[in-house]
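The next block is entry37.txt, given as compact mmCIF, C-alpha atoms.
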```txt
# COMPACT_ATOMS: atom_id res chain seq x y z
CA MET A 1198 10.21 -6.89 -36.51
CA PHE A 1199 13.56 -6.94 -38.34
CA ARG A 1200 15.44 -7.34 -35.07
CA LEU A 1201 13.12 -10.17 -34.01
CA ILE A 1202 13.75 -12.00 -37.31
CA ILE A 1203 17.48 -11.87 -36.60
CA PHE A 1204 17.25 -12.59 -32.88
CA VAL A 1205 15.04 -15.70 -32.81
CA PRO A 1206 17.13 -17.96 -35.13
CA VAL A 1207 20.35 -16.85 -33.39
CA LEU A 1208 18.80 -17.54 -29.99
CA ILE A 1209 17.71 -21.03 -31.03
CA VAL A 1210 21.02 -22.03 -32.62
CA ASP A 1211 23.08 -20.44 -29.83
CA THR A 1212 21.04 -22.21 -27.15
CA ILE A 1213 21.12 -25.62 -28.85
CA VAL A 1214 24.85 -25.53 -29.53
CA SER A 1215 25.75 -24.14 -26.10
CA ALA A 1216 23.44 -26.57 -24.28
CA PHE A 1217 24.93 -29.65 -25.93
CA ILE A 1218 28.49 -28.42 -25.36
CA ALA A 1219 27.58 -27.74 -21.71
CA MET A 1220 26.10 -31.22 -21.35
CA ILE A 1221 29.43 -32.70 -22.42
CA GLY A 1222 31.25 -30.52 -19.89
CA GLY A 1223 28.62 -31.32 -17.27
CA LEU A 1224 29.44 -35.01 -17.46
CA PHE A 1225 32.72 -34.16 -15.73
CA ASN A 1226 31.91 -31.09 -13.63
CA PRO A 1227 28.94 -28.73 -14.08
CA TYR A 1228 30.83 -26.01 -12.20
CA SER A 1229 34.03 -26.17 -14.26
CA ASP A 1230 35.73 -23.18 -15.87
CA PHE A 1231 34.83 -24.79 -19.18
CA ASN A 1232 31.11 -24.56 -18.49
CA THR A 1233 31.52 -21.04 -17.16
CA ARG A 1234 33.03 -20.06 -20.51
CA VAL A 1235 30.18 -21.82 -22.33
CA MET A 1236 27.64 -19.78 -20.32
CA ARG A 1237 29.45 -16.54 -21.08
CA PHE A 1238 29.72 -17.38 -24.79
CA TRP A 1239 25.97 -18.14 -24.92
CA ALA A 1240 25.17 -14.86 -23.14
CA ARG A 1241 27.41 -12.68 -25.29
CA ILE A 1242 25.90 -14.02 -28.51
CA ILE A 1243 22.40 -13.22 -27.23
CA VAL A 1244 23.40 -9.71 -26.16
CA LEU A 1245 25.03 -9.09 -29.54
CA SER A 1246 22.12 -10.45 -31.60
CA ALA A 1247 19.61 -8.36 -29.62
CA GLY A 1248 21.48 -5.21 -30.59
CA ILE A 1249 22.28 -4.32 -27.00
CA LYS A 1250 24.80 -1.61 -26.23
CA LEU A 1251 26.03 -2.82 -22.87
CA GLU A 1252 27.38 -0.28 -20.40
CA ILE A 1253 28.99 -1.59 -17.23
CA SER A 1254 30.03 0.52 -14.25
CA GLY A 1255 31.42 -0.46 -10.86
CA LEU A 1256 33.76 -3.25 -11.99
CA GLU A 1257 36.21 -1.88 -9.42
CA ASN A 1258 33.83 -3.20 -6.74
CA LEU A 1259 34.57 -6.80 -7.81
CA THR A 1260 37.48 -8.70 -6.31
CA LYS A 1261 38.81 -11.63 -8.31
CA LYS A 1262 38.56 -15.08 -6.73
CA THR A 1263 35.98 -13.76 -4.25
CA SER A 1264 32.52 -15.27 -4.05
CA TYR A 1265 29.41 -13.11 -3.74
CA VAL A 1266 25.69 -13.49 -3.38
CA LEU A 1267 24.71 -11.34 -6.37
CA VAL A 1268 21.33 -9.64 -5.99
CA GLY A 1269 19.70 -7.75 -8.84
CA ASN A 1270 16.36 -6.29 -9.91
CA HIS A 1271 14.40 -8.27 -12.51
CA GLN A 1272 12.93 -6.47 -15.54
CA SER A 1273 13.13 -8.99 -18.37
CA HIS A 1274 14.23 -12.45 -19.49
CA MET A 1275 17.19 -10.57 -20.93
CA ASP A 1276 18.55 -9.93 -17.42
CA ILE A 1277 20.24 -13.32 -17.16
CA PRO A 1278 22.31 -13.12 -20.37
CA VAL A 1279 23.10 -9.45 -19.69
CA VAL A 1280 24.50 -10.09 -16.19
CA THR A 1281 26.31 -13.26 -17.32
CA ALA A 1282 27.96 -11.33 -20.15
CA ALA A 1283 28.71 -8.26 -18.04
CA LEU A 1284 30.37 -9.77 -14.98
CA PRO A 1285 33.87 -11.26 -15.46
CA ILE A 1286 33.49 -13.72 -12.59
CA PRO A 1287 32.33 -17.35 -12.41
CA LEU A 1288 28.71 -17.42 -11.35
CA ARG A 1289 25.66 -19.64 -11.31
CA ILE A 1290 22.03 -18.65 -11.06
CA ILE A 1291 19.03 -19.48 -8.89
CA SER A 1292 16.24 -19.79 -11.44
CA LYS A 1293 12.57 -20.68 -11.31
CA LYS A 1294 11.88 -24.36 -11.92
CA GLU A 1295 9.54 -23.63 -14.84
CA LEU A 1296 12.50 -22.75 -17.09
CA PHE A 1297 13.94 -26.22 -16.63
CA LYS A 1298 10.94 -27.63 -18.50
CA ILE A 1299 11.99 -25.94 -21.75
CA PRO A 1300 13.55 -28.60 -24.05
CA VAL A 1301 17.30 -28.20 -24.67
CA PHE A 1302 17.46 -24.90 -22.73
CA GLY A 1303 16.48 -26.66 -19.51
CA TRP A 1304 18.97 -29.45 -20.19
CA GLY A 1305 21.72 -26.88 -20.63
CA MET A 1306 20.74 -25.13 -17.40
CA LYS A 1307 21.00 -28.38 -15.50
CA ALA A 1308 24.30 -29.24 -17.17
CA VAL A 1309 26.00 -26.04 -16.00
CA GLY A 1310 24.68 -26.33 -12.45
CA ILE A 1311 21.92 -23.71 -12.47
CA ILE A 1312 19.90 -24.10 -9.28
CA SER A 1313 16.17 -24.74 -9.62
CA ILE A 1314 13.84 -23.11 -7.12
CA ASP A 1315 10.14 -23.70 -6.55
CA ARG A 1316 8.79 -20.26 -5.67
CA PHE A 1317 5.55 -21.71 -4.32
CA ASN A 1318 6.96 -24.45 -2.10
CA GLN A 1319 8.79 -23.23 0.99
CA LYS A 1320 10.35 -26.60 1.83
CA LYS A 1321 11.80 -27.02 -1.66
CA SER A 1322 12.93 -23.40 -1.69
CA ILE A 1323 14.93 -24.06 1.49
CA GLU A 1324 16.46 -27.13 -0.17
CA SER A 1325 17.51 -24.95 -3.11
CA LEU A 1326 19.21 -22.51 -0.74
CA HIS A 1327 21.12 -25.38 0.86
CA GLN A 1328 22.26 -26.42 -2.60
CA ALA A 1329 23.39 -22.85 -3.27
CA GLU A 1330 25.38 -22.90 -0.01
CA LYS A 1331 27.26 -25.97 -1.24
CA VAL A 1332 28.04 -24.28 -4.57
CA LEU A 1333 29.41 -21.21 -2.78
CA HIS A 1334 31.60 -23.19 -0.40
CA THR A 1335 32.66 -26.12 -2.57
CA HIS A 1336 33.11 -24.52 -5.97
CA HIS A 1337 34.10 -21.00 -4.89
CA MET A 1338 31.87 -19.15 -7.31
CA SER A 1339 29.15 -16.55 -6.99
CA ILE A 1340 25.39 -17.08 -6.95
CA LEU A 1341 23.02 -14.74 -8.79
CA ALA A 1342 19.46 -14.31 -7.54
CA PHE A 1343 16.56 -12.04 -8.43
CA PRO A 1344 14.75 -11.60 -5.10
CA GLU A 1345 11.64 -10.05 -6.64
CA GLY A 1346 10.92 -13.64 -7.69
CA THR A 1347 9.59 -12.70 -11.10
CA ARG A 1348 9.92 -10.00 -13.75
CA SER A 1349 8.49 -6.63 -12.80
CA PRO A 1350 5.07 -6.14 -14.42
CA ASP A 1351 5.32 -2.35 -14.46
CA GLY A 1352 9.02 -1.51 -14.57
CA LYS A 1353 9.21 -0.66 -10.87
CA ILE A 1354 11.34 -2.55 -8.36
CA HIS A 1355 9.07 -4.58 -6.12
CA THR A 1356 9.40 -6.25 -2.71
CA PHE A 1357 12.38 -8.56 -2.23
CA LYS A 1358 12.02 -12.09 -0.93
CA LYS A 1359 14.41 -12.99 1.87
CA GLY A 1360 15.97 -16.20 0.52
CA PRO A 1361 19.18 -14.74 -0.98
CA PHE A 1362 19.79 -12.73 2.19
CA VAL A 1363 19.40 -15.80 4.38
CA LEU A 1364 21.88 -17.51 2.05
CA ALA A 1365 24.38 -14.68 2.55
CA ILE A 1366 24.00 -14.71 6.34
CA ASN A 1367 24.29 -18.50 6.57
CA THR A 1368 27.45 -18.58 4.47
CA GLY A 1369 29.02 -15.32 5.65
CA ILE A 1370 29.45 -14.28 2.00
CA SER A 1371 28.93 -10.63 1.10
CA ILE A 1372 25.98 -9.41 -0.93
CA LEU A 1373 26.82 -7.69 -4.20
CA PRO A 1374 23.91 -5.45 -5.29
CA ILE A 1375 23.41 -4.95 -9.04
CA SER A 1376 21.12 -2.42 -10.73
CA ILE A 1377 19.96 -3.42 -14.22
CA SER A 1378 18.34 -0.80 -16.45
CA GLY A 1379 17.09 -1.05 -20.02
CA THR A 1380 16.31 -4.75 -20.43
CA ARG A 1381 12.58 -4.09 -20.11
CA HIS A 1382 12.78 -2.08 -23.32
CA ILE A 1383 14.88 -4.71 -25.10
CA LEU A 1384 12.62 -7.67 -24.35
CA PRO A 1385 9.31 -6.47 -22.85
CA LYS A 1386 7.37 -8.83 -20.64
CA GLY A 1387 4.40 -10.33 -22.48
CA LYS A 1388 5.40 -8.85 -25.85
CA ILE A 1389 6.65 -10.67 -28.96
CA ARG A 1390 9.29 -8.20 -30.02
CA VAL A 1391 12.95 -7.38 -29.53
CA ASN A 1392 14.23 -3.80 -29.50
CA SER A 1393 17.86 -2.82 -29.75
CA GLY A 1394 19.13 -0.25 -27.28
CA ARG A 1395 21.25 0.59 -24.27
CA VAL A 1396 21.40 -1.57 -21.17
CA LYS A 1397 23.30 -0.39 -18.12
CA VAL A 1398 24.56 -2.66 -15.36
CA THR A 1399 25.79 -0.96 -12.20
CA ILE A 1400 27.80 -3.03 -9.74
CA HIS A 1401 27.57 -1.51 -6.27
CA PRO A 1402 30.05 -1.96 -3.40
CA PRO A 1403 29.57 -5.24 -1.52
CA ILE A 1404 27.43 -5.28 1.60
CA THR A 1405 29.15 -7.30 4.30
CA VAL A 1406 27.19 -9.76 6.41
CA ALA A 1407 29.95 -10.36 8.95
CA GLY A 1408 28.42 -10.60 12.41
CA LYS A 1409 24.87 -10.63 11.03
CA THR A 1410 22.26 -13.11 12.25
CA LEU A 1411 18.94 -14.15 10.78
CA GLU A 1412 17.32 -11.47 12.91
CA ASP A 1413 19.13 -8.91 10.73
CA ARG A 1414 17.71 -10.21 7.45
CA HIS A 1415 14.88 -7.65 7.24
CA ALA A 1416 17.29 -4.72 7.63
CA LEU A 1417 19.62 -6.34 5.10
CA VAL A 1418 16.77 -6.67 2.59
CA ASP A 1419 15.80 -3.03 3.06
CA ALA A 1420 19.37 -1.74 2.70
CA THR A 1421 20.00 -3.76 -0.45
CA HIS A 1422 16.68 -2.79 -2.00
CA GLN A 1423 17.47 0.88 -1.40
CA VAL A 1424 20.89 0.62 -3.06
CA ILE A 1425 19.55 -1.23 -6.12
CA GLU A 1426 16.57 1.07 -6.53
CA GLN A 1427 18.72 4.20 -6.25
CA GLY A 1428 21.15 2.85 -8.85
CA PHE A 1429 18.23 1.92 -11.11
CA ILE A 1430 16.86 5.47 -10.95
CA GLU A 1431 20.28 7.06 -11.52
CA ASN A 1432 20.85 4.93 -14.61
CA TYR A 1433 18.11 6.86 -16.37
CA HIS A 1434 19.77 10.24 -15.78
```
Target encoding structure tokens, full file:
Amino acid sequence: MFRLIIFVPVLIVDTIVSAFIAMIGGLFNPYSDFNTRVMRFWARIIVLSAGIKLEISGLENLTKKTSYVLVGNHQSHMDIPVVTAALPIPLRIISKKELFKIPVFGWGMKAVGIISIDRFNQKKSIESLHQAEKVLHTHHMSILAFPEGTRSPDGKIHTFKKGPFVLAINTGISILPISISGTRHILPKGKIRVNSGRVKVTIHPPITVAGKTLEDRHALVDATHQVIEQGFIENYH
């Protein structure tokens, strides 16, 4: 309860301040370095206030000024700030449209160029992927997606949707698998509490999509799922 009392006011103030700063930056360019720094500042404050001890491995698998389609497992709402704080590269996120309805927070998401996706409308989902393609090619940054589509209800890694893998194939940009462990404990799904603790982010070697076609997407999904799941299991040992 003590941690929750600290976390909630910090979250509110951090989000309000960061969102309004981002909206100013977004008037000029949502994908600017300025807004990238605003996102990272917002994320680091949240990680700090939650009492997270962040452990990052695999940074050697990142190449500066290289774009990736980042694919990670989804355990908690804390996954987004954790990955944003952990990875020293400019990135934007594909996020469910429901989050854009949250006052101030949703405005800030729009201002920094977060991509809204309707998980229940295939046509609009395809439109979102086309928007992500433009971000990758035009603004030379990475795109983060959680292909499970929602937070895991039981802590296991569930089936991946194919959208991010189609995005990688269509753009020719490598997939960067990420295993996230510990966020479920920090901010449990459906619970009103915040627990301090360790969160580990493992960045795996990129998976190239050179020469791949849409017919290869199922094999690509399976290979990526296996890498992320194995890393997730190893993080607990």
Sorted per-residue table, stretch 1221-1302 of chain A near stretch 1373-1382 of chain A, closest atoms and distance, 9 Å, all atoms listed in the file, as CSV:
```
residue,atom,partner,partner_atom,distance
A:Ile1249,CA,A:Thr1380,CA,8.9
A:Asn1258,CA,A:Leu1373,CA,8.7
A:Leu1259,CA,A:Leu1373,CA,8.6
A:Tyr1265,CA,A:Leu1373,CA,6.0
A:Val1266,CA,A:Leu1373,CA,6.0
A:Leu1267,CA,A:Leu1373,CA,4.7
A:Val1268,CA,A:Pro1374,CA,5.0
A:Gly1269,CA,A:Ile1375,CA,4.7
A:Asn1270,CA,A:Ser1376,CA,6.2
A:His1271,CA,A:Ile1377,CA,7.6
A:Gln1272,CA,A:Arg1381,CA,5.2
A:Ser1273,CA,A:Arg1381,CA,5.2
A:His1274,CA,A:Thr1380,CA,8.0
A:Met1275,CA,A:Thr1380,CA,5.9
A:Asp1276,CA,A:Thr1380,CA,6.4
A:Val1279,CA,A:Thr1380,CA,8.3
A:Val1280,CA,A:Ile1377,CA,8.3
```
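Using only C-alpha atoms for every distance, the candidate list A:Asn1367, A:Asn1226, A:Thr1233, A:Ser1393 yields A:Thr1233 as the residue closest to A:Ala1282.
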So that I can see what lies close to A:Ile1314, please list as a PDB file with C-alpha atoms, in the coordinates of the input the residues with an atom at most 8 Å from it, counting all atoms listed in the file and leaving out residues fewer than 6 positions away in the same chain.
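Output (result-v6.pdb):
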```pdb
ATOM      1  CA  ILE A1291      19.030 -19.480  -8.890  1.00  0.00           C
ATOM      2  CA  SER A1292      16.240 -19.790 -11.440  1.00  0.00           C
ATOM      3  CA  LYS A1293      12.570 -20.680 -11.310  1.00  0.00           C
ATOM      4  CA  LYS A1294      11.880 -24.360 -11.920  1.00  0.00           C
ATOM      5  CA  LYS A1321      11.800 -27.020  -1.660  1.00  0.00           C
ATOM      6  CA  SER A1322      12.930 -23.400  -1.690  1.00  0.00           C
ATOM      7  CA  SER A1325      17.510 -24.950  -3.110  1.00  0.00           C
TER       8      SER A1325
END
```
Would you pick out the contacts of stretch 1240-1243 of chain A at 12 Å or less, using all atoms listed in the file, so that residues sharing its chain but fewer than 5 positions from it are not included, and give the list as a PDB file with C-alpha atoms, keeping the file's coordinate frame?
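Writing the result to around07.pdb gives the following:
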```
ATOM      1  CA  LEU A1201      13.120 -10.170 -34.010  1.00  0.00           C
ATOM      2  CA  ILE A1203      17.480 -11.870 -36.600  1.00  0.00           C
ATOM      3  CA  PHE A1204      17.250 -12.590 -32.880  1.00  0.00           C
ATOM      4  CA  VAL A1205      15.040 -15.700 -32.810  1.00  0.00           C
ATOM      5  CA  PRO A1206      17.130 -17.960 -35.130  1.00  0.00           C
ATOM      6  CA  VAL A1207      20.350 -16.850 -33.390  1.00  0.00           C
ATOM      7  CA  LEU A1208      18.800 -17.540 -29.990  1.00  0.00           C
ATOM      8  CA  ILE A1209      17.710 -21.030 -31.030  1.00  0.00           C
ATOM      9  CA  VAL A1210      21.020 -22.030 -32.620  1.00  0.00           C
ATOM     10  CA  ASP A1211      23.080 -20.440 -29.830  1.00  0.00           C
ATOM     11  CA  THR A1212      21.040 -22.210 -27.150  1.00  0.00           C
ATOM     12  CA  VAL A1214      24.850 -25.530 -29.530  1.00  0.00           C
ATOM     13  CA  SER A1215      25.750 -24.140 -26.100  1.00  0.00           C
ATOM     14  CA  ALA A1216      23.440 -26.570 -24.280  1.00  0.00           C
ATOM     15  CA  THR A1233      31.520 -21.040 -17.160  1.00  0.00           C
ATOM     16  CA  ARG A1234      33.030 -20.060 -20.510  1.00  0.00           C
ATOM     17  CA  VAL A1235      30.180 -21.820 -22.330  1.00  0.00           C
ATOM     18  CA  GLY A1248      21.480  -5.210 -30.590  1.00  0.00           C
ATOM     19  CA  ILE A1249      22.280  -4.320 -27.000  1.00  0.00           C
ATOM     20  CA  LYS A1250      24.800  -1.610 -26.230  1.00  0.00           C
ATOM     21  CA  LEU A1251      26.030  -2.820 -22.870  1.00  0.00           C
ATOM     22  CA  HIS A1274      14.230 -12.450 -19.490  1.00  0.00           C
ATOM     23  CA  MET A1275      17.190 -10.570 -20.930  1.00  0.00           C
ATOM     24  CA  ASP A1276      18.550  -9.930 -17.420  1.00  0.00           C
ATOM     25  CA  ILE A1277      20.240 -13.320 -17.160  1.00  0.00           C
ATOM     26  CA  PRO A1278      22.310 -13.120 -20.370  1.00  0.00           C
ATOM     27  CA  VAL A1279      23.100  -9.450 -19.690  1.00  0.00           C
ATOM     28  CA  VAL A1280      24.500 -10.090 -16.190  1.00  0.00           C
ATOM     29  CA  THR A1281      26.310 -13.260 -17.320  1.00  0.00           C
ATOM     30  CA  ALA A1282      27.960 -11.330 -20.150  1.00  0.00           C
ATOM     31  CA  ALA A1283      28.710  -8.260 -18.040  1.00  0.00           C
ATOM     32  CA  LEU A1284      30.370  -9.770 -14.980  1.00  0.00           C
ATOM     33  CA  PRO A1285      33.870 -11.260 -15.460  1.00  0.00           C
ATOM     34  CA  ILE A1383      14.880  -4.710 -25.100  1.00  0.00           C
ATOM     35  CA  LEU A1384      12.620  -7.670 -24.350  1.00  0.00           C
ATOM     36  CA  VAL A1391      12.950  -7.380 -29.530  1.00  0.00           C
ATOM     37  CA  SER A1393      17.860  -2.820 -29.750  1.00  0.00           C
TER      38      SER A1393
END
```
Between atom CA of A:Phe1429 and atom CA of A:Val1396, measure the distance and give it in Å to one decimal.
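Taking atom CA of A:Phe1429 as the start and atom CA of A:Val1396 as the end point, the length is 11.1 Å.
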Using all atoms listed in the file, pick whichever of A:Pro1403, A:Pro1350, A:Gly1408, A:Gly1223 has the shortest atom-to-atom distance to A:Ala1420.
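The closest residue to A:Ala1420 is A:Pro1403.
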Which one of A:Leu1288, A:Arg1414, A:Lys1386, A:Arg1395 sits closest to A:Gly1352 if you count only C-alpha atoms?
A:Lys1386
Could you list, as a list in words, every residue within 8 Å of A:Ile1290, counting only C-alpha atoms and ignoring same-chain residues fewer than 3 positions away?
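With the cut-off at 8 Å, the set is Ile1311, Ile1312, Ile1340, Leu1341 and Ala1342 of chain A.
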Nearest residue to A:Pro1385 out of A:Thr1368, A:Arg1200, A:Ile1404, A:Ser1349, using only C-alpha atoms?
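Smallest separation from A:Pro1385 among the options: A:Ser1349.
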Would you mind telling me which residue in A:Gly1387, A:Pro1344, A:Gly1305, A:Gly1394 lies nearest to A:Pro1227 when using only C-alpha atoms?
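Of all the options, A:Gly1305 lies closest to A:Pro1227.
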Give me, please, the distance in Å between atom CA of A:Gly1428 and atom CA of A:Val1398, quoted to one decimal.
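These atoms are spaced 9.2 Å apart.
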Please indicate the distance in Å from atom CA of A:Leu1224 to atom CA of A:Asn1318, rounded to one decimal place.
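If I compute the distance from atom CA of A:Leu1224 to atom CA of A:Asn1318, I get 29.2 Å.
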Which polymer residues, whether protein, DNA or RNA, lie within 6 Å of the coordinate (35.3, -18.2, -15.2) when you count all atoms listed in the file? List them as a list in words, using the chain letters and numbers from the file.
Asp1230, Thr1233, Ile1286 and Pro1287 of chain A
Here is a test: counting only C-alpha atoms, which residue of A:Val1244, A:Met1220, A:Ala1416, A:Ile1202 is nearest to A:Phe1302?
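Nearest candidate to A:Phe1302 out of A:Val1244, A:Met1220, A:Ala1416, A:Ile1202: A:Met1220.
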